[in-house]
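S.K.: Structure: query_11.csv, CSV, C-alpha atoms and all ligand atoms.
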```
chain,number,residue,atom,x,y,z
A,243,MET,CA,9.3,2.6,43.2
A,244,ALA,CA,8.5,-0.9,44.4
A,245,ASP,CA,11.4,-2.6,46.2
A,246,THR,CA,11.1,-5.8,44.2
A,247,LEU,CA,10.8,-6.5,40.6
A,248,GLN,CA,8.8,-9.4,39.3
A,249,VAL,CA,10.9,-11.0,36.7
A,250,SER,CA,10.0,-13.8,34.3
A,251,LEU,CA,12.9,-15.5,32.6
A,252,TRP,CA,12.7,-18.1,29.8
A,253,ARG,CA,14.2,-21.3,31.0
A,254,GLY,CA,15.2,-24.3,29.0
A,255,GLY,CA,15.2,-24.9,25.2
A,256,SER,CA,12.5,-24.3,22.7
A,257,ASP,CA,10.2,-26.5,24.8
A,258,GLY,CA,11.0,-24.5,27.9
A,259,ARG,CA,8.8,-22.1,30.0
A,260,TYR,CA,8.9,-18.9,31.9
A,261,VAL,CA,10.0,-19.0,35.5
A,262,ASP,CA,9.3,-16.2,37.9
A,263,TYR,CA,11.9,-14.6,40.2
A,264,ALA,CA,11.8,-11.7,42.7
A,265,VAL,CA,14.7,-9.3,42.2
A,266,PRO,CA,15.5,-6.3,44.4
A,267,ALA,CA,14.8,-3.1,42.6
A,268,ARG,CA,17.7,-0.5,42.6
A,269,GLU,CA,17.8,3.1,41.7
A,270,SER,CA,19.8,2.6,38.6
A,271,GLN,CA,19.7,-0.9,37.2
A,272,THR,CA,19.9,-2.4,33.7
A,273,VAL,CA,18.1,-5.4,32.5
A,274,LEU,CA,21.4,-7.2,32.3
A,275,ASP,CA,22.0,-6.4,36.0
A,276,VAL,CA,18.7,-8.1,36.8
A,277,VAL,CA,19.5,-11.2,34.8
A,278,THR,CA,23.0,-11.3,36.4
A,279,TYR,CA,21.4,-11.0,39.9
A,280,VAL,CA,19.3,-14.1,39.2
A,281,GLN,CA,22.3,-16.0,38.1
A,282,ARG,CA,24.5,-14.9,41.0
A,283,HIS,CA,22.0,-15.2,43.8
A,284,LEU,CA,19.0,-17.3,42.8
A,285,ASP,CA,19.9,-19.9,40.3
A,286,ALA,CA,23.5,-20.4,39.1
A,287,THR,CA,22.4,-22.6,36.2
A,288,LEU,CA,20.9,-19.7,34.3
A,289,SER,CA,22.6,-19.3,30.9
A,290,TYR,CA,22.9,-16.0,29.1
A,291,ARG,CA,25.5,-14.0,27.2
A,292,PHE,CA,27.3,-10.7,27.7
A,293,ALA,CA,30.8,-9.4,27.6
A,294,CYS,CA,31.5,-5.6,27.5
A,295,ARG,CA,28.4,-4.3,29.5
A,296,VAL,CA,28.8,-0.9,27.7
A,297,GLY,CA,27.1,-1.4,24.3
A,298,MET,CA,30.2,-2.4,22.3
A,299,CYS,CA,30.3,-6.1,21.9
A,300,GLY,CA,26.7,-6.9,20.8
A,301,SER,CA,26.4,-10.1,22.8
A,302,CYS,CA,23.7,-9.3,25.4
A,303,ALA,CA,20.6,-8.8,23.2
A,304,MET,CA,17.4,-10.4,24.4
A,305,GLN,CA,13.6,-9.9,24.1
A,306,VAL,CA,12.5,-7.6,26.9
A,307,ASN,CA,8.8,-7.3,27.3
A,308,GLY,CA,8.4,-8.5,23.7
A,309,ARG,CA,10.9,-6.2,22.2
A,310,ALA,CA,14.5,-7.0,21.2
A,311,ARG,CA,17.0,-4.8,23.1
A,312,TRP,CA,20.6,-4.6,24.2
A,313,THR,CA,20.1,-5.5,27.8
A,314,CYS,CA,23.3,-3.9,29.1
A,315,ARG,CA,22.2,-0.4,28.1
A,316,THR,CA,18.5,-0.8,28.8
A,317,HIS,CA,17.4,0.7,32.1
A,318,VAL,CA,14.8,-1.2,34.0
A,319,SER,CA,13.0,2.0,34.8
A,320,LYS,CA,12.5,2.7,31.1
A,321,VAL,CA,11.0,-0.7,30.2
A,322,ALA,CA,9.5,-2.3,33.3
A,323,GLU,CA,5.7,-2.3,33.0
A,324,GLY,CA,4.3,-2.1,36.6
A,325,GLY,CA,7.5,-3.5,38.1
A,326,LYS,CA,7.3,-6.5,35.7
A,327,LEU,CA,9.9,-7.7,33.3
A,328,THR,CA,9.7,-10.6,30.9
A,329,VAL,CA,13.0,-11.6,29.3
A,330,ALA,CA,13.3,-14.2,26.6
A,331,PRO,CA,16.1,-15.2,24.1
A,332,LEU,CA,16.2,-13.3,20.8
A,333,GLU,CA,13.4,-14.0,18.3
A,334,ASN,CA,14.0,-15.5,14.9
A,335,MET,CA,16.8,-17.7,16.2
A,336,PRO,CA,16.9,-21.2,17.8
A,337,VAL,CA,17.3,-21.1,21.5
A,338,ILE,CA,20.4,-22.9,22.9
A,339,LYS,CA,19.3,-22.7,26.6
A,340,ASP,CA,17.6,-20.1,28.7
A,341,LEU,CA,18.4,-16.6,27.4
A,342,ALA,CA,21.1,-17.7,25.0
A,343,ALA,CA,20.0,-17.7,21.4
A,344,ASP,CA,21.9,-19.6,18.7
A,345,MET,CA,23.5,-17.0,16.4
A,346,ARG,CA,25.1,-19.5,13.9
A,347,GLU,CA,22.6,-18.9,11.2
A,348,PHE,CA,22.8,-15.1,11.8
A,349,PHE,CA,26.6,-15.2,11.2
A,350,GLY,CA,26.3,-17.8,8.4
A,351,LYS,CA,24.1,-15.3,6.5
A,352,TRP,CA,26.7,-12.7,7.2
A,353,GLN,CA,29.1,-14.9,5.1
A,354,ARG,CA,26.4,-15.6,2.5
A,355,ALA,CA,25.9,-11.8,2.0
A,356,LYS,CA,29.6,-11.6,1.4
A,357,GLY,CA,30.0,-9.4,4.5
A,358,ARG,CA,33.8,-10.0,4.5
A,359,PHE,CA,36.2,-7.4,3.1
A,360,ALA,CA,37.8,-8.5,-0.2
A,361,PRO,CA,41.1,-6.7,-0.4
A,362,SER,CA,42.2,-5.3,-3.8
A,363,LYS,CA,45.8,-4.6,-2.6
A,364,THR,CA,48.5,-6.4,-0.7
A,365,ARG,CA,50.6,-5.2,2.3
A,366,ASN,CA,53.3,-4.3,-0.1
A,367,ASP,CA,51.2,-1.6,-1.8
A,368,PRO,CA,51.3,1.9,-0.4
A,369,VAL,CA,48.4,2.8,2.0
A,370,GLU,CA,45.5,4.2,-0.1
A,371,PRO,CA,44.3,7.6,1.1
A,372,ILE,CA,40.5,7.6,1.5
A,373,ASP,CA,38.7,10.9,1.5
A,374,PRO,CA,35.9,10.8,4.2
A,375,ALA,CA,33.9,13.4,2.4
A,376,THR,CA,33.0,11.5,-0.8
A,377,PRO,CA,29.4,10.4,-1.1
A,378,GLN,CA,30.4,6.7,-1.2
A,379,ARG,CA,32.5,6.9,2.0
A,380,ARG,CA,29.7,8.8,3.7
A,381,ALA,CA,27.2,6.1,2.8
A,382,ALA,CA,29.6,3.5,4.2
A,383,ASP,CA,30.3,5.4,7.4
A,384,ALA,CA,26.6,5.9,8.1
A,385,ALA,CA,26.1,2.2,8.3
A,386,ILE,CA,29.4,0.9,9.6
A,387,GLU,CA,29.0,1.0,13.4
A,388,CYS,CA,27.0,-2.2,13.6
A,389,ILE,CA,27.8,-4.3,16.7
A,390,ASN,CA,26.3,-7.5,15.4
A,391,CYS,CA,23.8,-7.6,18.2
A,392,GLY,CA,21.0,-9.2,16.2
A,393,VAL,CA,18.3,-6.9,17.5
A,394,CYS,CA,17.3,-5.9,13.9
A,395,TYR,CA,17.3,-9.5,12.8
A,396,ALA,CA,15.0,-10.5,15.8
A,397,SER,CA,12.6,-7.6,15.0
A,398,CYS,CA,12.3,-8.2,11.2
A,399,ASP,CA,9.1,-10.0,10.1
A,400,THR,CA,10.6,-10.8,6.7
A,401,VAL,CA,13.2,-13.0,8.6
A,402,LYS,CA,10.3,-14.6,10.5
A,403,TRP,CA,8.4,-15.3,7.3
A,404,ASP,CA,11.3,-16.4,5.1
A,405,LYS,CA,14.0,-18.5,6.8
A,406,ASP,CA,16.4,-17.9,3.9
A,407,TYR,CA,16.1,-14.1,4.0
A,408,LEU,CA,19.6,-12.7,4.5
A,409,GLY,CA,18.5,-10.1,7.1
A,410,PRO,CA,18.9,-6.5,7.9
A,411,ALA,CA,22.3,-6.5,9.6
A,412,GLN,CA,23.8,-8.7,6.9
A,413,LEU,CA,22.6,-6.6,4.1
A,414,ASN,CA,23.6,-3.4,5.9
A,415,ARG,CA,27.1,-4.8,6.2
A,416,ALA,CA,27.2,-5.7,2.5
A,417,TRP,CA,26.1,-2.1,1.7
A,418,THR,CA,29.2,-0.7,3.6
A,419,LEU,CA,31.4,-2.9,1.5
A,420,VAL,CA,29.6,-2.0,-1.8
A,421,ASN,CA,30.6,1.6,-1.0
A,422,ASP,CA,34.2,0.8,0.0
A,423,VAL,CA,36.4,1.8,-3.0
A,424,ARG,CA,39.2,-0.6,-1.7
A,425,ASP,CA,37.0,-3.7,-1.9
A,426,ALA,CA,37.5,-6.0,-4.9
A,427,GLY,CA,34.6,-8.4,-4.4
A,428,ASN,CA,31.6,-6.3,-5.3
A,429,ARG,CA,30.4,-8.0,-8.4
A,430,GLU,CA,30.0,-11.3,-6.5
A,431,ARG,CA,28.6,-9.4,-3.5
A,432,LEU,CA,25.9,-7.8,-5.6
A,433,VAL,CA,24.9,-11.2,-7.0
A,434,ALA,CA,24.9,-12.7,-3.5
A,435,VAL,CA,22.7,-10.0,-2.0
A,436,SER,CA,20.2,-9.7,-4.9
A,437,GLU,CA,19.5,-13.3,-5.7
A,438,GLY,CA,16.8,-15.4,-3.9
A,439,SER,CA,15.8,-14.1,-0.5
A,440,GLY,CA,18.1,-11.1,-0.7
A,441,CYS,CA,17.6,-7.4,-0.6
A,442,HIS,CA,14.6,-7.4,-2.9
A,443,SER,CA,12.7,-9.5,-0.2
A,444,CYS,CA,12.8,-6.5,2.2
A,445,HIS,CA,9.4,-4.8,2.5
A,446,SER,CA,10.8,-1.6,4.1
A,447,HIS,CA,8.9,-2.1,7.4
A,448,GLN,CA,11.6,-0.2,9.1
A,449,SER,CA,11.5,-2.3,12.3
A,450,CYS,CA,15.2,-2.8,12.0
A,451,GLN,CA,15.8,0.9,11.9
A,452,GLU,CA,13.5,1.7,14.7
A,453,PHE,CA,14.9,-0.8,17.1
A,454,CYS,CA,18.6,-0.8,16.2
A,455,PRO,CA,20.2,0.3,19.5
A,456,VAL,CA,23.1,2.1,17.7
A,457,GLY,CA,20.7,4.1,15.6
A,458,LEU,CA,21.7,2.6,12.2
A,459,ASN,CA,19.3,2.5,9.3
A,460,PRO,CA,19.4,-0.9,7.6
A,461,THR,CA,16.2,0.0,5.6
A,462,ARG,CA,18.1,2.7,3.9
A,463,SER,CA,21.1,0.5,3.2
A,464,ILE,CA,18.9,-2.2,1.8
A,465,ALA,CA,17.1,0.4,-0.5
A,466,GLY,CA,20.6,1.3,-1.7
A,467,LEU,CA,21.3,-2.3,-2.5
A,468,LYS,CA,18.0,-2.6,-4.3
A,469,ARG,CA,18.8,0.4,-6.5
A,470,LYS,CA,22.4,-0.7,-7.1
A,471,SER,CA,21.6,-4.2,-8.1
A,472,LEU,CA,18.7,-3.1,-10.3
A,473,ALA,CA,21.1,-0.7,-12.1
A,474,ALA,CA,23.7,-3.4,-12.5
A,475,TYR,CA,21.1,-5.8,-13.8
A,476,LEU,CA,19.8,-3.2,-16.4
A,477,LYS,CA,23.4,-2.7,-17.5
A,478,GLY,CA,23.8,-6.4,-18.0
A,479,GLU,CA,26.3,-6.8,-15.2
A,480,LEU,CA,24.1,-9.2,-13.2
A,481,LYS,CA,22.9,-12.4,-14.7
A,482,PRO,CA,19.7,-13.7,-13.2
B,30,MET,CA,4.4,-13.9,25.8
B,31,SER,CA,3.5,-10.3,25.1
B,32,MET,CA,2.7,-9.1,21.6
B,33,LEU,CA,6.0,-8.7,19.6
B,34,ALA,CA,6.8,-5.0,19.8
B,35,ASN,CA,7.6,-4.8,16.0
B,36,ARG,CA,3.9,-5.7,15.3
B,37,THR,CA,2.5,-2.7,17.2
B,38,ARG,CA,4.3,-0.1,15.2
B,39,PRO,CA,2.4,2.2,12.8
B,40,LEU,CA,4.5,1.1,9.9
B,41,TRP,CA,3.7,-2.5,10.5
B,42,PHE,CA,0.1,-1.6,10.6
B,43,ALA,CA,0.6,0.3,7.3
B,44,ALA,CA,2.3,-2.8,5.8
B,45,MET,CA,-0.6,-5.0,6.8
B,46,ILE,CA,-3.1,-2.6,5.2
B,47,HIS,CA,-1.0,-2.6,2.1
B,48,ARG,CA,-1.0,-6.4,2.0
B,49,LEU,CA,-4.7,-6.8,2.7
B,50,SER,CA,-5.7,-4.1,0.2
B,51,GLY,CA,-3.5,-5.7,-2.4
B,52,LEU,CA,-5.1,-9.1,-1.8
B,53,GLY,CA,-8.5,-7.5,-1.8
B,54,LEU,CA,-7.8,-5.9,-5.2
B,55,ALA,CA,-6.5,-9.2,-6.6
B,56,ILE,CA,-9.7,-10.9,-5.6
B,57,PHE,CA,-11.9,-8.2,-7.0
B,58,LEU,CA,-10.1,-7.8,-10.3
B,59,PRO,CA,-11.4,-11.0,-12.0
B,60,PHE,CA,-15.0,-9.8,-11.3
B,61,HIS,CA,-14.2,-6.4,-12.7
B,62,PHE,CA,-13.0,-8.0,-15.9
B,63,LEU,CA,-16.1,-10.3,-15.9
B,64,VAL,CA,-18.3,-7.2,-16.0
B,65,LEU,CA,-16.2,-5.6,-18.7
B,66,GLY,CA,-16.8,-8.8,-20.6
B,67,LEU,CA,-20.5,-8.4,-20.2
B,68,ALA,CA,-20.2,-4.9,-21.8
B,69,ILE,CA,-18.6,-6.5,-24.8
B,70,ARG,CA,-21.1,-9.3,-25.1
B,71,GLY,CA,-24.2,-7.1,-25.2
B,72,GLU,CA,-26.0,-4.1,-23.8
B,73,ALA,CA,-29.0,-6.0,-22.4
B,74,GLN,CA,-26.9,-8.1,-20.0
B,75,LEU,CA,-24.8,-5.1,-18.9
B,76,ASP,CA,-28.0,-3.1,-18.3
B,77,THR,CA,-29.4,-5.8,-16.0
B,78,PHE,CA,-26.1,-5.8,-14.2
B,79,LEU,CA,-25.9,-2.1,-13.9
B,80,ARG,CA,-29.4,-2.0,-12.4
B,81,TRP,CA,-28.2,-4.5,-9.9
B,82,THR,CA,-25.3,-2.3,-8.9
B,83,ASP,CA,-27.8,0.4,-8.0
B,84,GLN,CA,-28.5,-1.4,-4.7
B,85,PRO,CA,-27.0,0.4,-1.6
B,86,LEU,CA,-25.0,-2.6,-0.5
B,87,VAL,CA,-23.3,-2.7,-3.9
B,88,LYS,CA,-22.6,1.0,-3.6
B,89,PHE,CA,-21.0,0.5,-0.2
B,90,SER,CA,-18.8,-2.3,-1.6
B,91,GLU,CA,-17.8,-0.1,-4.6
B,92,SER,CA,-16.7,2.7,-2.2
B,93,ALA,CA,-14.8,0.2,-0.2
B,94,LEU,CA,-13.0,-0.9,-3.4
B,95,VAL,CA,-12.2,2.7,-4.3
B,96,GLY,CA,-10.8,3.0,-0.8
B,97,LEU,CA,-8.7,-0.2,-1.3
B,98,LEU,CA,-7.3,1.0,-4.5
B,99,ALA,CA,-6.5,4.4,-3.0
B,100,VAL,CA,-4.9,3.1,0.1
B,101,HIS,CA,-2.9,0.5,-1.9
B,102,MET,CA,-1.8,3.0,-4.5
B,103,LEU,CA,-0.8,5.7,-2.1
B,104,GLY,CA,1.0,3.2,0.2
B,105,GLY,CA,2.8,1.7,-2.8
B,106,LEU,CA,3.9,5.1,-4.1
B,107,ARG,CA,5.2,5.9,-0.6
B,108,LEU,CA,7.3,2.7,-0.6
B,109,LEU,CA,8.6,3.4,-4.1
B,110,ALA,CA,9.6,6.9,-3.1
B,111,LEU,CA,11.2,5.7,0.1
B,112,GLU,CA,13.3,3.1,-1.7
B,113,ASN,CA,14.2,5.0,-4.8
B,114,MET,CA,14.6,8.6,-3.7
B,115,SER,CA,16.9,10.2,-1.1
B,116,TRP,CA,16.0,9.2,2.4
B,117,ARG,CA,13.1,11.0,4.2
B,118,GLY,CA,12.2,10.5,7.9
B,119,GLY,CA,8.8,10.7,9.4
B,120,GLN,CA,7.5,7.7,7.4
B,121,ALA,CA,5.0,6.6,10.1
B,122,VAL,CA,3.2,10.0,10.0
B,123,ARG,CA,3.2,9.9,6.2
B,124,ALA,CA,1.8,6.4,6.1
B,125,LEU,CA,-1.0,7.2,8.5
B,126,GLY,CA,-1.7,10.5,6.6
B,127,LEU,CA,-2.0,8.6,3.3
B,128,ILE,CA,-4.3,6.0,4.9
B,129,ALA,CA,-6.5,8.9,6.2
B,130,ILE,CA,-6.5,10.4,2.7
B,131,ALA,CA,-7.6,7.1,1.2
B,132,ALA,CA,-10.4,6.8,3.7
B,133,LEU,CA,-11.6,10.4,2.7
B,134,VAL,CA,-11.5,9.4,-0.9
B,135,ALA,CA,-13.7,6.4,-0.2
B,136,VAL,CA,-16.2,8.5,1.8
B,137,TYR,CA,-16.3,11.2,-0.9
B,138,PHE,CA,-17.0,8.5,-3.5
B,139,LEU,CA,-19.8,7.1,-1.3
B,140,VAL,CA,-21.4,10.5,-0.9
B,141,ARG,CA,-21.2,11.1,-4.7
B,142,VAL,CA,-22.8,7.9,-5.8
B,143,PHE,CA,-25.9,8.3,-3.5
A,501,LIG,C1,-2.4,1.4,-8.3
A,501,LIG,C2,-1.1,1.3,-8.4
A,501,LIG,C3,-0.4,0.3,-7.5
A,501,LIG,C4,0.8,0.6,-6.9
A,501,LIG,C5,1.5,1.9,-6.9
A,501,LIG,C6,1.2,-0.6,-6.2
A,501,LIG,C7,2.4,-0.7,-5.5
A,501,LIG,C8,2.8,-1.9,-4.8
A,501,LIG,C9,4.0,-2.0,-4.1
A,501,LIG,C10,5.2,-1.0,-4.1
A,501,LIG,C11,4.1,-3.3,-3.6
A,501,LIG,C12,5.2,-3.9,-2.7
A,501,LIG,C13,4.9,-3.7,-1.3
A,501,LIG,C14,5.9,-4.4,-0.4
A,501,LIG,O1,7.1,-4.5,-0.7
A,501,LIG,O2,5.5,-4.8,0.7
A,501,LIG,C15,2.8,-3.9,-3.9
A,501,LIG,C16,2.4,-5.2,-3.4
A,501,LIG,C17,1.2,-5.8,-3.8
A,501,LIG,N1,0.3,-5.3,-4.7
A,501,LIG,FE1,0.2,-3.4,-5.5
A,501,LIG,N2,0.3,-1.6,-6.4
A,501,LIG,C18,-0.7,-1.1,-7.2
A,501,LIG,C19,-1.8,-1.8,-7.7
A,501,LIG,C20,-2.2,-3.1,-7.3
A,501,LIG,C21,-3.4,-3.8,-7.8
A,501,LIG,C22,-4.4,-3.2,-8.8
A,501,LIG,C23,-3.4,-5.0,-7.2
A,501,LIG,C24,-4.4,-6.2,-7.4
A,501,LIG,C25,-4.4,-6.9,-8.4
A,501,LIG,C26,-2.2,-5.1,-6.4
A,501,LIG,C27,-1.9,-6.2,-5.6
A,501,LIG,C28,-0.7,-6.3,-4.8
A,501,LIG,C29,-0.4,-7.4,-3.9
A,501,LIG,C30,-1.3,-8.6,-3.7
A,501,LIG,C31,0.8,-7.1,-3.3
A,501,LIG,C32,1.6,-8.0,-2.3
A,501,LIG,C33,1.4,-7.4,-0.9
A,501,LIG,C34,2.4,-7.9,0.1
A,501,LIG,O3,3.3,-8.7,-0.2
A,501,LIG,O4,2.3,-7.5,1.3
A,501,LIG,N3,-1.5,-3.9,-6.5
A,501,LIG,N4,2.0,-3.0,-4.6
A,502,LIG,S1,13.0,-2.8,6.5
A,502,LIG,FE1,13.5,-4.8,5.6
A,502,LIG,S2,15.1,-5.6,6.8
A,502,LIG,FE2,14.2,-4.0,8.0
A,502,LIG,S3,12.7,-5.0,9.3
A,502,LIG,FE3,11.7,-4.3,7.5
A,502,LIG,S4,11.7,-6.1,6.1
A,502,LIG,FE4,13.2,-6.4,7.7
A,503,LIG,S1,22.2,-3.1,12.5
A,503,LIG,FE1,21.9,-2.3,14.6
A,503,LIG,S2,20.4,-3.8,15.4
A,503,LIG,FE2,21.3,-4.8,13.6
A,503,LIG,S3,23.0,-6.0,14.4
A,503,LIG,FE3,23.8,-4.0,13.8
A,503,LIG,S4,23.8,-2.8,15.6
A,503,LIG,FE4,22.5,-4.6,16.0
A,504,LIG,S1,27.3,-6.7,26.9
A,504,LIG,FE1,28.3,-5.9,25.2
A,504,LIG,S2,26.7,-4.8,24.1
A,504,LIG,FE2,25.7,-5.4,25.9
```
Would you give me this structure, written as structure tokens?
M.R.:
Amino acid sequence: MADTLQVSLWRGGSDGRYVDYAVPARESQTVLDVVTYVQRHLDATLSYRFACRVGMCGSCAMQVNGRARWTCRTHVSKVAEGGKLTVAPLENMPVIKDLAADMREFFGKWQRAKGRFAPSKTRNDPVEPIDPATPQRRAADAAIECINCGVCYASCDTVKWDKDYLGPAQLNRAWTLVNDVRDAGNRERLVAVSEGSGCHSCHSHQSCQEFCPVGLNPTRSIAGLKRKSLAAYLKGELKP
Amino acid sequence: MSMLANRTRPLWFAAMIHRLSGLGLAIFLPFHFLVLGLAIRGEAQLDTFLRWTDQPLVKFSESALVGLLAVHMLGGLRLLALENMSWRGGQAVRALGLIAIAALVAVYFLVRVF
């Protein structure tokens, strides 16, 4: 193992450039550790985001050697190519500064896809028992552990080609709610996810699935939305 | 900036082949109908044309077209199955296998016409 890593970090806004840093290599070191080292010891003006450092919060994702990854759980030894690391802000999002990408559009699309639970009951109703073994609940559970990191969104070429495309994480979230028997907003949700640049724009490239750090499968969720919205359309429940 | 990692995946490659073959077919189709039109208009013209198609270069292009149709159809059926049937893993292997089958079909066609 070489004792220093050659690290190129994106600095500035969209018109910025890569700046090289030498960072001491350690036995066990994450990409986030490397970025943090630069900020603590080499240039305190470096901007980036993180919070939990254990893969829970979804705030630390960046492009590492061309691939979107959660940096807090990515070991340098797994990804450094010849002791070299190139780290950039997430793709498919505007850059705020340095390694911090602007996620407003990402979360705006979350709302457009009606990714918010629409309650069908009030607090005065008794708690509804939900059987975890039903096919619907299984489908929801398989997709529910999303940490909103944006890795899938940054890896999806349909997002790159079509600025209005809702995106894998957003559609995956909608799919969990479509399968939630307590939710009352599914007619509007199906309209929202199937019109314009919605689920039917997805080409099933599966980049989102392959790169999702939590191992979710947005491609499968989106295919579910495609089927569900087509069935609703054929039954006359969706007006084009 | 290194090549975006999502563009070096087999399934991205398969998607590109699907797009390019689809476009290739869309460009070829008008010519195909033109020739069918010749058949309706009269035998003489069609015969002249069919003699022209005996050239090796034309035969190569025909095989390429058979390959395009095969690769596009197999790739398209894979996507339709993926999206409409219960989920199956191993799609990259499937996609590459289907591309190989399409190539074999094209070669078989080429061998047959000569
Ligand atoms: C033989 C049966 C065929 C099947 C099963 C088939 C299937 C498909 C499917 C499933 C797609 C969508 C792919 C995606 O979402 O990325 C597609 C796209 C396309 N098809 Fe076909 N197709 C067939 C024949 C044709 C023919 C004859 C043409 C040419 C006229 C054609 C031209 C295209 C084009 C241009 C696209 C768009 C490609 C893209 O957006 O990447 N297809 N096809
Ligand atoms: S499967 Fe759909 S959402 Fe996922 S990367 Fe491909 S186009 Fe994007
Ligand atoms: S689906 Fe996976 S990659 Fe996409 S935001 Fe959620 S956790 Fe991240
Ligand atoms: S810092 Fe929370 S997921 Fe990486």
S.K.: Around ligand LIG 501 (chain A), which protein and nucleic acid residues have at least one atom no more than 9 Å from it, if we count all atoms listed in the file? List them as a PyMOL selection string.
M.R.: (chain A and resi 442-447) or (chain B and resi 44-59+98-109)
S.K.: Taking all atoms listed in the file into account, produce a table as CSV in which each residue of chain A with an atom at most 7 Å from an atom of ligand LIG 503 (chain A) appears once, together with its shortest atom pair and the distance in Å to one decimal, ordered by chain and rising number.
M.R.:
```
residue,atom,partner,partner_atom,distance
A:Gly300,CA,A:LIG503,FE4,6.8
A:Glu387,CA,A:LIG503,S4,6.8
A:Cys388,CA,A:LIG503,FE3,3.7
A:Ile389,CA,A:LIG503,S4,4.4
A:Asn390,CA,A:LIG503,S3,3.8
A:Cys391,CA,A:LIG503,FE4,3.9
A:Gly392,CA,A:LIG503,S3,4.2
A:Val393,CA,A:LIG503,S2,4.3
A:Cys394,CA,A:LIG503,S2,4.0
A:Tyr395,CA,A:LIG503,FE2,6.2
A:Pro410,CA,A:LIG503,FE2,6.4
A:Ala411,CA,A:LIG503,FE2,4.5
A:Asn414,CA,A:LIG503,S1,6.8
A:Cys450,CA,A:LIG503,S2,6.3
A:Phe453,CA,A:LIG503,S2,6.5
A:Cys454,CA,A:LIG503,S2,3.6
A:Pro455,CA,A:LIG503,FE1,5.8
A:Val456,CA,A:LIG503,S4,5.4
A:Gly457,CA,A:LIG503,FE1,6.6
A:Leu458,CA,A:LIG503,FE1,5.5
A:Pro460,CA,A:LIG503,S1,6.1
```
S.K.: Compute the chain B side of the contact with chain A at 9 Å, counting all atoms listed in the file, and hand it back as a list in words.
M.R.: Met30, Ser31, Met32, Leu33, Ala34, Asn35, Arg36, Arg38, Leu40, Trp41, Ala43, Ala44, Leu108, Leu111, Glu112, Asn113 and Trp116 of chain B
S.K.: Applying 7 Å and only C-alpha atoms, which residues near Ala132 of chain B remain after dropping the ones on its own chain fewer than 4 positions away? List them as a PyMOL selection string.
M.R.: chain B and resi 96+128+136
S.K.: Write out as a count of residues only each polymer residue whose atoms come within 12 Å of Ser90 of chain B, counting all atoms listed in the file; drop sequence neighbours fewer than 3 positions from it.
M.R.: 18
S.K.: Here is a test: counting only C-alpha atoms and all ligand atoms, which residue of A:Arg431, A:Lys326, A:Lys402, A:Lys481 is nearest to ligand LIG 502 (chain A)?
M.R.: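 The answer is A:Lys402, which sits nearest to ligand LIG 502 (chain A).
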S.K.: As an exercise, work out the distance from atom CA of Leu480 of chain A to atom CA of Trp352 of chain A in Å and give it to one decimal place.
M.R.: 20.9 Å
S.K.: Take atom CA of Arg70 of chain B and atom CA of Phe143 of chain B and report the distance between them in Å, one decimal.
M.R.: 28.3 Å
S.K.: State, in Å with one decimal place, the distance from atom CA of Ser256 of chain A to atom CA of Ala342 of chain A.
M.R.: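 Distance reported for this atom pair: 11.1 Å.
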S.K.: What do you get as a list in words if you pick all residues at most 7 Å from ligand LIG 504 (chain A), counting only C-alpha atoms and all ligand atoms?
M.R.: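 Selection of residues at most 7 Å from ligand LIG 504 (chain A): Phe292, Ala293, Cys294, Arg295, Val296, Gly297, Met298, Cys299, Gly300, Ser301, Cys302, Ala303, Trp312, Thr313, Cys314 and Arg315 of chain A.
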S.K.: Tell me which of A:Gln248, A:Thr376, A:Thr418, A:Gln451 sits closest to Gly357 of chain A, counting only C-alpha atoms.
M.R.: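 Between A:Gln248, A:Thr376, A:Thr418, A:Gln451, the residue approaching Gly357 of chain A most closely is A:Thr418.
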S.K.: Give the answer as one residue: which of A:Leu408, A:Leu284, A:Val276, A:Ala426 has the shortest atom-to-atom distance to ligand LIG 502 (chain A), using only C-alpha atoms and all ligand atoms?
M.R.: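 Between A:Leu408, A:Leu284, A:Val276, A:Ala426, the residue approaching ligand LIG 502 (chain A) most closely is A:Leu408.
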S.K.: Which is closer to ligand LIG 502 (chain A) than all the others in B:Leu127, B:Val134, B:Gln120, B:Ser115, using all atoms listed in the file?
M.R.: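 Checking each candidate against ligand LIG 502 (chain A), we get B:Gln120 as the closest.
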S.K.: With only C-alpha atoms and all ligand atoms as the basis for distance, which of A:Val277, A:Cys441, A:Ala244, A:Ala264 is at the shortest distance from ligand LIG 502 (chain A)?
M.R.: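 Checking each of A:Val277, A:Cys441, A:Ala244, A:Ala264 against ligand LIG 502 (chain A), counting only C-alpha atoms and all ligand atoms, the winner is A:Cys441.
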S.K.: So, counting all atoms listed in the file, which residue among A:Met304, A:Val433, A:Pro368, A:Asn334 is closest to ligand LIG 502 (chain A)?
M.R.: A:Asn334
S.K.: Give me the residues within 10 Å of Ser319 of chain A as JSON, numbers by chain, counting only C-alpha atoms and dropping any in the same chain fewer than 4 places off.
M.R.: {"A": [243, 267, 268, 269, 270, 271, 272, 273, 323, 324, 325]}
S.K.: Go ahead and write the selection's residues with C-alpha atoms as a JSON list (two decimals), in the coordinates of the input.
M.R.:
```json
[["chain", "number", "residue", "atom", "x", "y", "z"],
["A", 243, "MET", "CA", 9.30, 2.60, 43.20],
["A", 267, "ALA", "CA", 14.80, -3.10, 42.60],
["A", 268, "ARG", "CA", 17.70, -0.50, 42.60],
["A", 269, "GLU", "CA", 17.80, 3.10, 41.70],
["A", 270, "SER", "CA", 19.80, 2.60, 38.60],
["A", 271, "GLN", "CA", 19.70, -0.90, 37.20],
["A", 272, "THR", "CA", 19.90, -2.40, 33.70],
["A", 273, "VAL", "CA", 18.10, -5.40, 32.50],
["A", 323, "GLU", "CA", 5.70, -2.30, 33.00],
["A", 324, "GLY", "CA", 4.30, -2.10, 36.60],
["A", 325, "GLY", "CA", 7.50, -3.50, 38.10]]
```
